[in-house]
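Data block for structure.cif (mmCIF, C-alpha atoms):
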data_work
loop_
_atom_site.label_atom_id
_atom_site.label_comp_id
_atom_site.auth_asym_id
_atom_site.auth_seq_id
_atom_site.Cartn_x
_atom_site.Cartn_y
_atom_site.Cartn_z
CA MET A 17 105.41 100.58 53.25
CA LEU A 18 102.70 101.97 55.52
CA ARG A 19 100.66 102.94 52.47
CA LYS A 20 100.73 99.34 51.20
CA PHE A 21 99.67 98.20 54.67
CA ASP A 22 96.70 100.59 54.61
CA ARG A 23 95.65 99.37 51.17
CA ALA A 24 95.87 95.75 52.31
CA ILE A 25 93.86 96.43 55.47
CA ALA A 26 91.22 98.37 53.54
CA SER A 27 90.87 95.55 50.98
CA LEU A 28 90.70 92.88 53.69
CA TYR A 29 88.03 94.83 55.59
CA LEU A 30 85.97 95.28 52.42
CA ALA A 31 86.37 91.60 51.51
CA ALA A 32 85.27 90.59 55.01
CA SER A 33 82.20 92.82 54.67
CA MET A 34 81.37 90.96 51.43
CA GLY A 35 81.34 87.68 53.33
CA LEU A 36 84.92 86.37 53.12
CA PHE A 37 85.28 85.58 56.84
CA ALA A 38 81.81 84.04 57.09
CA ASN A 39 82.50 81.89 54.04
CA LEU A 40 85.92 80.65 55.14
CA ILE A 41 84.92 80.01 58.76
CA PHE A 42 81.37 78.68 58.35
CA GLY A 43 81.19 77.45 54.75
CA ASN A 44 77.76 75.89 54.13
CA GLU A 45 77.55 74.48 57.64
CA THR A 46 74.54 75.37 59.76
CA GLU A 47 75.79 73.53 62.84
CA ALA A 48 79.02 73.50 64.83
CA ARG A 49 79.68 77.11 63.86
CA ASN A 50 82.89 78.61 65.19
CA ASP A 51 81.38 81.95 66.21
CA ASN A 52 84.33 82.86 68.45
CA LEU A 53 86.83 82.79 65.58
CA PHE A 54 84.46 84.86 63.46
CA LEU A 55 84.02 87.49 66.19
CA ILE A 56 87.76 87.63 66.89
CA SER A 57 88.48 88.16 63.18
CA TRP A 58 86.17 91.17 63.06
CA LEU A 59 87.45 92.48 66.40
CA VAL A 60 91.01 92.52 65.03
CA LEU A 61 89.84 94.55 62.02
CA TYR A 62 88.00 97.00 64.28
CA VAL A 63 91.03 97.53 66.50
CA VAL A 64 93.51 97.93 63.63
CA THR A 65 91.42 100.38 61.61
CA ILE A 66 90.33 102.48 64.60
CA THR A 67 93.93 102.66 65.83
CA ARG A 68 95.08 103.83 62.40
CA LEU A 69 92.24 106.34 62.30
CA LEU A 70 93.34 107.89 65.58
CA THR A 71 96.96 108.15 64.41
CA LEU A 72 95.82 109.95 61.24
CA LYS A 73 94.03 112.64 63.28
CA PRO A 74 91.08 112.99 60.86
CA THR A 75 89.45 116.32 60.11
CA ILE A 76 85.79 116.63 61.05
CA TYR A 77 83.50 118.67 58.81
CA ARG A 78 80.20 120.37 59.53
CA ALA A 79 78.54 118.27 56.83
CA ASP A 80 79.45 115.16 58.85
CA ALA A 81 76.81 116.00 61.47
CA LEU A 82 73.98 114.03 59.82
CA CYS A 83 76.26 111.05 59.28
CA PHE A 84 77.32 111.08 62.93
CA TYR A 85 73.66 111.20 63.92
CA LEU A 86 73.01 108.12 61.80
CA ALA A 87 76.01 106.38 63.40
CA LEU A 88 75.07 107.11 67.02
CA THR A 89 71.30 106.59 66.83
CA PRO A 90 71.54 102.76 66.70
CA ILE A 91 73.57 102.74 69.94
CA ILE A 92 71.20 105.18 71.64
CA SER A 93 68.22 103.05 70.53
CA SER A 94 69.47 100.36 72.94
CA LEU A 95 67.91 102.46 75.72
CA TRP A 96 64.38 101.60 74.55
CA SER A 97 65.06 98.48 72.48
CA VAL A 98 62.86 95.40 72.91
CA ASP A 99 66.06 93.32 72.65
CA VAL A 100 68.83 95.33 74.29
CA GLY A 101 71.58 92.76 73.74
CA THR A 102 70.95 92.48 69.99
CA SER A 103 70.70 96.24 69.50
CA LEU A 104 73.84 96.96 71.49
CA ASN A 105 76.00 94.32 69.82
CA TYR A 106 74.96 95.17 66.27
CA SER A 107 75.01 98.93 66.80
CA ILE A 108 78.59 98.82 68.14
CA ALA A 109 79.59 96.86 65.04
CA PHE A 110 77.85 99.43 62.84
CA PHE A 111 79.61 102.28 64.65
CA CYS A 112 82.97 100.56 64.05
CA ASN A 113 82.06 100.31 60.37
CA LEU A 114 81.48 104.08 60.29
CA ALA A 115 84.86 104.55 61.97
CA PHE A 116 86.35 102.49 59.13
CA CYS A 117 84.65 104.82 56.63
CA MET A 118 86.30 107.75 58.42
CA TYR A 119 89.63 105.93 58.18
CA LEU A 120 89.16 105.51 54.43
CA ARG A 121 88.49 109.23 54.01
CA ALA A 122 91.46 110.22 56.15
CA ARG A 123 93.88 107.90 54.35
CA PHE A 124 92.82 107.82 50.69
CA THR A 125 91.55 110.06 47.93
CA PHE A 126 88.17 109.34 46.41
CA ALA A 127 89.78 107.95 43.25
CA GLU A 128 91.87 105.59 45.38
CA LEU A 129 88.77 104.44 47.26
CA LEU A 130 87.05 103.56 43.99
CA ASN A 131 90.13 101.69 42.75
CA ILE A 132 90.54 99.71 45.98
CA THR A 133 86.85 98.82 45.98
CA ARG A 134 86.82 97.76 42.33
CA ASN A 135 90.00 95.70 42.67
CA THR A 136 88.74 93.96 45.82
CA ILE A 137 85.50 92.95 44.10
CA ALA A 138 87.44 91.66 41.08
CA ILE A 139 89.80 89.61 43.26
CA MET A 140 86.88 88.11 45.19
CA ILE A 141 85.18 87.17 41.92
CA GLY A 142 88.38 85.74 40.44
CA LEU A 143 89.05 83.56 43.48
CA SER A 144 85.41 82.48 43.53
CA LEU A 145 85.58 81.32 39.90
CA ILE A 146 88.86 79.47 40.45
CA PHE A 147 87.59 77.61 43.49
CA SER A 148 84.28 76.89 41.77
CA THR A 149 86.13 75.38 38.79
CA PHE A 150 87.95 73.01 41.11
CA GLY A 151 84.69 72.01 42.79
CA PHE A 152 85.16 73.49 46.27
CA ASP A 153 81.93 73.12 48.21
CA THR A 154 82.28 76.38 50.12
CA VAL A 155 81.65 78.50 47.01
CA ARG A 156 78.48 76.64 46.00
CA TYR A 157 75.04 78.02 46.68
CA VAL A 158 72.46 75.59 48.02
CA ASP A 159 69.21 76.65 46.34
CA ILE A 160 66.22 75.10 48.13
CA HIS A 161 64.12 75.87 45.03
CA GLN A 162 66.63 73.97 42.81
CA ARG A 163 66.61 76.62 40.10
CA ASP A 164 69.31 76.81 37.43
CA THR A 165 70.86 80.07 36.28
CA MET A 166 70.09 81.66 32.91
CA LEU A 167 73.27 79.97 31.66
CA GLY A 168 71.91 76.55 32.67
CA THR A 169 74.42 76.11 35.50
CA ASP A 170 74.01 75.64 39.24
CA PRO A 171 74.12 78.98 41.06
CA ILE A 172 77.27 79.92 42.95
CA ARG A 173 77.85 82.43 45.69
CA GLY A 174 81.65 82.34 45.58
CA PHE A 175 83.38 83.75 48.64
CA PHE A 176 80.45 86.07 49.25
CA ASN A 177 77.81 85.49 51.91
CA HIS A 178 74.85 84.85 49.56
CA LYS A 179 74.16 84.55 45.84
CA ILE A 180 72.09 87.76 45.86
CA THR A 181 74.83 89.82 47.48
CA ALA A 182 77.45 88.10 45.28
CA GLY A 183 75.57 89.20 42.18
CA PHE A 184 74.83 92.64 43.61
CA TYR A 185 78.46 93.35 44.50
CA ALA A 186 79.56 92.12 41.07
CA ALA A 187 77.04 94.56 39.56
CA LEU A 188 78.63 97.41 41.55
CA GLY A 189 82.03 96.25 40.30
CA ALA A 190 80.75 96.40 36.71
CA ILE A 191 79.64 100.01 37.23
CA LEU A 192 82.96 101.00 38.81
CA SER A 193 84.79 99.37 35.90
CA LEU A 194 83.34 102.08 33.64
CA LYS A 195 85.95 104.50 35.01
CA ILE A 196 88.82 102.46 33.51
CA GLU A 197 90.54 104.58 30.87
CA ARG A 198 91.42 101.97 28.23
CA GLN A 199 88.38 100.90 26.26
CA ALA A 200 89.45 97.28 25.71
CA LEU A 201 90.24 96.77 29.39
CA ARG A 202 87.04 98.56 30.41
CA THR A 203 84.89 96.37 28.16
CA THR A 204 86.59 93.20 29.39
CA ALA A 205 86.19 94.20 33.05
CA VAL A 206 82.48 95.03 32.66
CA ALA A 207 81.82 91.73 30.82
CA PHE A 208 83.76 89.82 33.50
CA HIS A 209 81.51 91.18 36.24
CA ILE A 210 78.29 90.69 34.27
CA ILE A 211 79.16 87.03 33.59
CA PHE A 212 79.59 86.48 37.32
CA VAL A 213 76.22 88.13 37.95
CA LEU A 214 74.67 85.59 35.58
CA LEU A 215 76.50 82.72 37.29
CA THR A 216 74.99 83.64 40.66
CA GLY A 217 71.50 83.14 39.26
CA SER A 218 70.19 86.19 41.09
CA SER A 219 67.43 87.95 39.15
CA SER A 220 67.55 90.87 41.59
CA ALA A 221 71.27 91.36 41.02
CA LEU A 222 70.84 91.18 37.25
CA ALA A 223 68.08 93.81 37.34
CA LEU A 224 70.21 96.08 39.57
CA CYS A 225 73.17 95.62 37.23
CA ALA A 226 71.07 96.72 34.26
CA LEU A 227 69.69 99.64 36.29
CA GLY A 228 73.17 100.74 37.40
CA LEU A 229 74.67 100.63 33.91
CA ALA A 230 71.65 102.46 32.47
CA SER A 231 71.81 105.12 35.20
CA TYR A 232 75.49 105.69 34.36
CA GLY A 233 74.50 106.46 30.77
CA LEU A 234 71.72 108.80 31.89
CA PHE A 235 73.93 110.64 34.39
CA PHE A 236 76.73 110.95 31.83
CA ARG A 237 74.22 112.43 29.38
CA ALA A 238 72.90 114.81 32.04
CA ARG A 239 76.45 116.04 32.72
CA LYS A 240 77.13 116.50 29.01
CA GLN A 241 73.93 118.55 28.67
CA GLN A 242 75.01 120.68 31.67
CA ILE A 243 71.80 119.97 33.57
CA GLY A 244 71.78 121.80 36.92
CA PRO A 245 71.88 119.95 40.28
CA SER A 246 68.30 120.89 41.22
CA THR A 247 66.98 119.70 37.86
CA PHE A 248 69.06 116.56 38.30
CA ILE A 249 67.45 115.76 41.66
CA ALA A 250 64.01 116.28 40.11
CA PHE A 251 65.10 113.91 37.34
CA VAL A 252 66.11 111.32 39.97
CA PHE A 253 62.71 111.66 41.64
CA ILE A 254 61.02 110.95 38.30
CA ILE A 255 63.13 107.81 37.87
CA LEU A 256 62.34 106.65 41.39
CA PHE A 257 58.62 107.29 40.99
CA SER A 258 58.58 105.50 37.63
CA CYS A 259 60.40 102.49 39.08
CA ALA A 260 58.05 102.34 42.08
CA ALA A 261 54.93 102.70 39.95
CA GLY A 262 56.17 100.18 37.42
CA PHE A 263 56.96 97.66 40.13
CA ALA A 264 53.59 98.12 41.82
CA LEU A 265 51.63 97.71 38.57
CA LEU A 266 53.66 95.16 36.62
CA SER A 267 55.73 93.06 39.02
CA GLY A 268 52.94 90.56 39.78
CA PRO A 269 51.97 89.71 36.17
CA ILE A 270 55.58 89.68 34.99
CA LEU A 271 56.74 87.41 37.80
CA GLU A 272 53.83 85.05 37.22
CA PHE A 273 54.68 84.93 33.50
CA LEU A 274 58.29 84.07 34.36
CA GLY A 275 57.12 81.38 36.76
CA ARG A 276 58.38 83.24 39.84
CA ASP A 277 56.63 83.93 43.12
CA PRO A 278 54.62 87.20 42.75
CA THR A 279 55.33 87.92 46.43
CA LEU A 280 59.09 87.93 45.66
CA THR A 281 59.59 84.82 47.80
CA GLY A 282 57.56 86.36 50.61
CA ARG A 283 59.19 89.80 50.51
CA THR A 284 55.98 91.73 49.93
CA LEU A 285 54.31 89.87 52.80
CA LEU A 286 57.27 90.68 55.02
CA TRP A 287 57.04 94.34 54.07
CA GLY A 288 53.43 94.29 55.25
CA VAL A 289 54.56 92.95 58.61
CA GLY A 290 57.18 95.70 58.82
CA THR A 291 54.63 98.39 58.03
CA LYS A 292 52.34 97.17 60.82
CA ALA A 293 55.25 97.04 63.27
CA ALA A 294 56.37 100.56 62.35
CA GLU A 295 52.90 101.97 63.02
CA GLU A 296 53.17 100.87 66.66
CA ASN A 297 56.46 102.75 67.31
CA LEU A 298 56.55 105.31 64.54
CA LEU A 299 58.78 107.97 66.11
CA LEU A 300 61.69 106.05 67.68
CA GLY A 301 61.25 102.47 66.50
CA TRP A 302 61.79 99.17 68.29
CA GLY A 303 65.58 99.36 68.59
CA TYR A 304 68.35 98.63 66.11
CA GLN A 305 67.70 95.19 64.51
CA ALA A 306 65.70 94.19 67.59
CA TYR A 307 62.14 93.64 66.38
CA LEU A 308 62.62 90.43 64.38
CA SER A 309 64.63 88.83 67.20
CA SER A 310 61.92 89.62 69.76
CA GLU A 311 58.69 87.84 70.65
CA HIS A 312 56.69 90.70 69.13
CA SER A 313 57.41 89.52 65.58
CA ARG A 314 56.66 85.83 66.12
CA ASP A 315 52.89 86.28 66.35
CA LEU A 316 52.79 88.00 62.97
CA LEU A 317 55.29 85.79 61.12
CA ARG A 318 53.90 82.43 62.24
CA TYR A 319 50.86 82.83 59.98
CA ILE A 320 52.96 83.37 56.80
CA PRO A 321 53.71 79.97 55.17
CA GLN A 322 56.96 81.18 53.54
CA PHE A 323 58.45 81.83 57.00
CA ALA A 324 57.18 78.73 58.80
CA ASN A 325 60.66 77.17 59.05
CA TYR A 326 62.73 80.28 58.40
CA ASP A 327 64.39 82.55 60.95
CA VAL A 328 63.81 85.95 59.31
CA PRO A 329 66.95 88.10 59.82
CA HIS A 330 65.60 91.36 58.37
CA PHE A 331 62.79 92.82 56.26
CA HIS A 332 64.64 92.63 52.92
CA ASN A 333 64.01 96.36 52.61
CA SER A 334 66.42 98.88 54.12
CA TYR A 335 63.91 101.70 54.40
CA ILE A 336 61.28 99.59 56.15
CA GLN A 337 64.05 98.15 58.35
CA VAL A 338 65.18 101.64 59.41
CA LEU A 339 61.57 102.71 59.98
CA VAL A 340 60.91 99.70 62.23
CA ASP A 341 64.28 99.84 64.04
CA LEU A 342 64.85 103.57 64.46
CA GLY A 343 61.60 105.31 63.60
CA GLY A 344 60.36 107.87 61.12
CA LEU A 345 62.73 110.65 62.23
CA THR A 346 65.86 108.65 61.44
CA LEU A 347 64.38 107.45 58.15
CA ALA A 348 63.68 111.06 57.16
CA ILE A 349 67.27 112.09 58.00
CA LEU A 350 68.62 109.11 56.05
CA ALA A 351 66.51 110.10 53.04
CA LEU A 352 67.66 113.73 53.22
CA THR A 353 71.31 112.65 53.55
CA THR A 354 70.91 110.41 50.51
CA LEU A 355 69.45 113.23 48.41
CA PHE A 356 72.11 115.72 49.57
CA THR A 357 74.84 113.23 48.63
CA LEU A 358 73.35 112.57 45.19
CA ARG A 359 73.25 116.31 44.58
CA LYS A 360 76.86 116.78 45.75
CA LEU A 361 78.16 113.89 43.67
CA TYR A 362 76.47 115.24 40.57
CA GLY A 363 77.85 118.71 41.32
CA PHE A 364 81.39 117.29 41.57
CA ALA A 365 80.93 115.28 38.37
CA LYS A 366 79.49 118.30 36.55
CA THR A 367 82.19 120.79 37.51
CA SER A 368 85.37 118.73 37.82
CA ALA A 369 85.88 114.97 37.95
CA SER A 370 83.98 113.09 35.25
CA ASP A 371 85.09 109.78 36.81
CA THR A 372 82.77 110.63 39.70
CA ILE A 373 79.85 109.52 37.48
CA PRO A 374 80.48 105.78 38.14
CA ALA A 375 80.45 106.54 41.87
CA LEU A 376 77.21 108.49 41.39
CA ALA A 377 75.70 105.50 39.56
CA VAL A 378 76.91 103.14 42.30
CA PHE A 379 75.42 105.31 45.06
CA PHE A 380 72.14 105.57 43.15
CA THR A 381 72.05 101.79 42.55
CA ILE A 382 72.65 101.06 46.24
CA SER A 383 69.83 103.46 47.10
CA ILE A 384 67.48 101.59 44.74
CA SER A 385 68.68 98.17 45.93
CA ALA A 386 67.65 99.15 49.44
CA VAL A 387 64.02 98.60 48.41
CA PHE A 388 64.67 94.86 47.93
CA VAL A 389 67.80 94.14 50.01
CA PHE A 390 69.03 95.19 53.44
CA SER A 391 71.89 97.04 51.75
CA ILE A 392 71.85 100.25 53.82
CA TYR A 393 72.27 100.59 57.59
CA ASN A 394 73.33 96.96 57.98
CA HIS A 395 76.32 96.16 60.20
CA ASN A 396 79.45 94.60 58.63
CA ASN A 397 77.83 94.90 55.21
CA PHE A 398 79.82 95.94 52.14
CA SER A 399 77.17 98.00 50.34
CA SER A 400 76.32 99.80 53.58
CA ILE A 401 80.01 100.60 54.18
CA LEU A 402 80.46 101.83 50.60
CA PHE A 403 77.26 103.87 50.88
CA PHE A 404 78.39 105.72 54.01
CA SER A 405 81.97 106.05 52.72
CA ILE A 406 80.65 107.95 49.69
CA ILE A 407 78.56 110.16 51.99
CA LEU A 408 81.61 111.00 54.11
CA PHE A 409 83.86 111.61 51.11
CA SER A 410 81.29 113.99 49.64
CA SER A 411 81.62 116.12 52.79
CA ASN A 412 85.19 117.04 51.75
CA SER A 413 85.35 118.72 48.36
CA LEU A 414 89.17 118.51 48.35
CA LYS A 415 88.94 114.73 47.98
CA PHE A 416 87.34 115.34 44.59
CA ARG A 417 88.76 118.61 43.30
CA ASN A 418 92.43 118.24 44.21
CA HIS A 419 92.98 114.79 42.76
CA THR A 420 92.48 113.49 39.25
CA GLU A 421 93.26 110.01 38.11
CA GLU A 422 94.40 108.54 34.85
CA THR A 423 94.13 104.78 34.63
CA HIS A 424 96.43 103.01 32.19
CA GLY A 425 95.98 99.26 32.26
CA THR A 426 96.39 98.15 35.84
CA GLN A 427 98.46 101.15 36.93
CA SER A 428 97.11 104.39 38.37
CA LEU A 429 98.72 107.79 38.58
CA VAL A 430 97.36 110.25 41.14
CA ILE A 431 98.24 113.86 40.39
CA THR A 432 98.01 116.30 43.27
CA ARG A 433 97.17 119.90 42.50
CA PRO A 434 97.79 122.90 44.74
CA CYS A 435 95.15 123.33 47.43
CA PRO A 436 92.89 126.38 47.14
CA PRO A 437 92.89 128.86 50.01
CA ALA A 438 90.76 127.96 53.03
CA ALA A 439 88.33 130.74 52.21
CA ALA A 440 87.49 129.07 48.91
CA LEU A 441 86.25 125.89 50.53
CA SER A 442 82.50 125.36 50.40
CA ILE A 443 82.61 123.14 53.47
CA LYS A 444 84.77 124.22 56.39
CA PRO A 445 86.18 121.96 59.12
CA LEU A 446 85.04 122.45 62.68
#
What is this file in structure tokens?
Amino acid sequence: MLRKFDRAIASLYLAASMGLFANLIFGNETEARNDNLFLISWLVLYVVTITRLLTLKPTIYRADALCFYLALTPIISSLWSVDVGTSLNYSIAFFCNLAFCMYLRARFTFAELLNITRNTIAIMIGLSLIFSTFGFDTVRYVDIHQRDTMLGTDPIRGFFNHKITAGFYAALGAILSLKIERQALRTTAVAFHIIFVLLTGSSSALALCALGLASYGLFFRARKQQIGPSTFIAFVFIILFSCAAGFALLSGPILEFLGRDPTLTGRTLLWGVGTKAAEENLLLGWGYQAYLSSEHSRDLLRYIPQFANYDVPHFHNSYIQVLVDLGGLTLAILALTTLFTLRKLYGFAKTSASDTIPALAVFFTISISAVFVFSIYNHNNFSSILFFSIILFSSNSLKFRNHTEETHGTQSLVITRPCPPAAALSIKPL
């Protein structure tokens, strides 16, 4: 009974991080927002999950040190933040999200985490399509540019908080569906998620979906060829460099040919603002999510036409956001943690669990998405929670090596193998 409760709480928390609470409470309204109900809803989730975490008495590992640094730095940044209230409120929420990630690791195996995540995304999409069919206004997306989707329909956001995140999360669901055992069910699930990506009308989400599915194929091939972890990381660097170079050289002409804004709706201009801001406080930053809510940003943003009547919430780039908020040191640690996790995930996939490859592709896709979306280090954000959950799970090799999963239809069987002696563990608890 308690296990079903934990699954339900985990799914509800993940759904809320995708935008469920915001959608149900606020809808498309910009006025008369019931902020108190929204805050209370999240507070209940924080209290329940942290209470369960404490009762589970989680094991702490040495490899968790970098993750704990990344969790505490936003709170500490309140000491020098240019907007103390904003930094403190958001950093506490982010810390509670990391506590939830710890709860997931303490309560579930990695295979169970992937199943819960995939099922939650599928349920959110299914409900979104049902409510959209019946014409509910809350699942519509109001596009100020009045652009149709590639299918010729009006874009929808479903029960997610935005059409871009709706498409992006559906893309992650498509990648996770590749671990389904039955081919017919796997193909159906992947197509189901891709169709929803198209219905959102998000070009960014569609590109990330293609990238994620392609990376799965490349990583699967690398595993089959028994490529070593160090070579794999070098391979990842080549992909990243190629993507960055290709974007820098070709994005403008391609976007102009497609009739889209070559500045990515002002994103590239915003990145320039972020770069200038980071240069002024390069070591420690301006404080967690504080710069854009302070008077310091207004002088720069007022001269950009795209943001004349728009309250910019973030830089639409996780790495620039971290650099501005928390400085170069934290960005460097985040980058190292990301590379270490990619290497660990590939090592697990290479030596034991082949179903870790979808998780590797998901983690890689989130890392790439962070160039265009605030998908990492964002409070109460699904992709950020999934990103740090994977980092924490990778700290405990038992979560991968002692559990295998066979998926038959909609049922899962988790087989537990005998634990190796403590001396055999590559990562020891404190």
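Residues matched by the PyMOL selection byres ((chain A and resi 291) around 12) in this file are Thr284, Leu285, Leu286, Trp287, Gly288, Val289, Gly290, Lys292, Ala293, Ala294, Glu295, Glu296, Asn297, Leu298, Gly301, Ser313, Leu316, Phe331, Asn333, Tyr335, Ile336, Gln337, Val338, Leu339, Val340, Asp341, Gly343 and Gly344 of chain A.
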Spatial neighbours of Leu355 in chain A, max dist 8 Å, all atoms listed in the file, sep filter under 4 positions, as a PDB file with C-alpha atoms, in the coordinates of the input:
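As a result, selection_26.pdb now contains:
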ATOM      1  CA  ILE A 249      67.450 115.760  41.660  1.00  0.00           C
ATOM      2  CA  ALA A 351      66.510 110.100  53.040  1.00  0.00           C
ATOM      3  CA  ARG A 359      73.250 116.310  44.580  1.00  0.00           C
TER       4      ARG A 359
END
Which residues match the PyMOL selection byres ((chain A and resi 251) around 12) in the file above, as an MDAnalysis selection string?
chainID A and resid 231 234:235 238 243:250 252:258 355 358:359 362
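Taking CA of Lys195 in chain A and CA of Asp371 in chain A as endpoints, the distance between them is 5.6 Å.
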Just say which residues the PyMOL selection byres ((chain A and resi 404) around 9) picks in this file, as a PyMOL selection string.
chain A and resi 83+114+117+392-393+399-403+405-409
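The gap separating CA of Asn113 in chain A from CA of Ile196 in chain A is 27.8 Å, in Å to one decimal.
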CA of Glu128 in chain A to CA of Ile211 in chain A, straight-line distance in Å:
25.4 Å
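Each of A:Leu167, A:Ile172, A:Ala365, A:Leu224 was checked against Ala190 in chain A using all atoms listed in the file; the smallest atom-to-atom distance is that of A:Leu224.
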I need every residue sitting at most 12 Å from the point (96.2, 96.4, 54.6) (coordinates as in the file, all atoms listed in the file considered), written as a ChimeraX atom specification.
/A:17-31,61,64-65,68,120,123,132,136
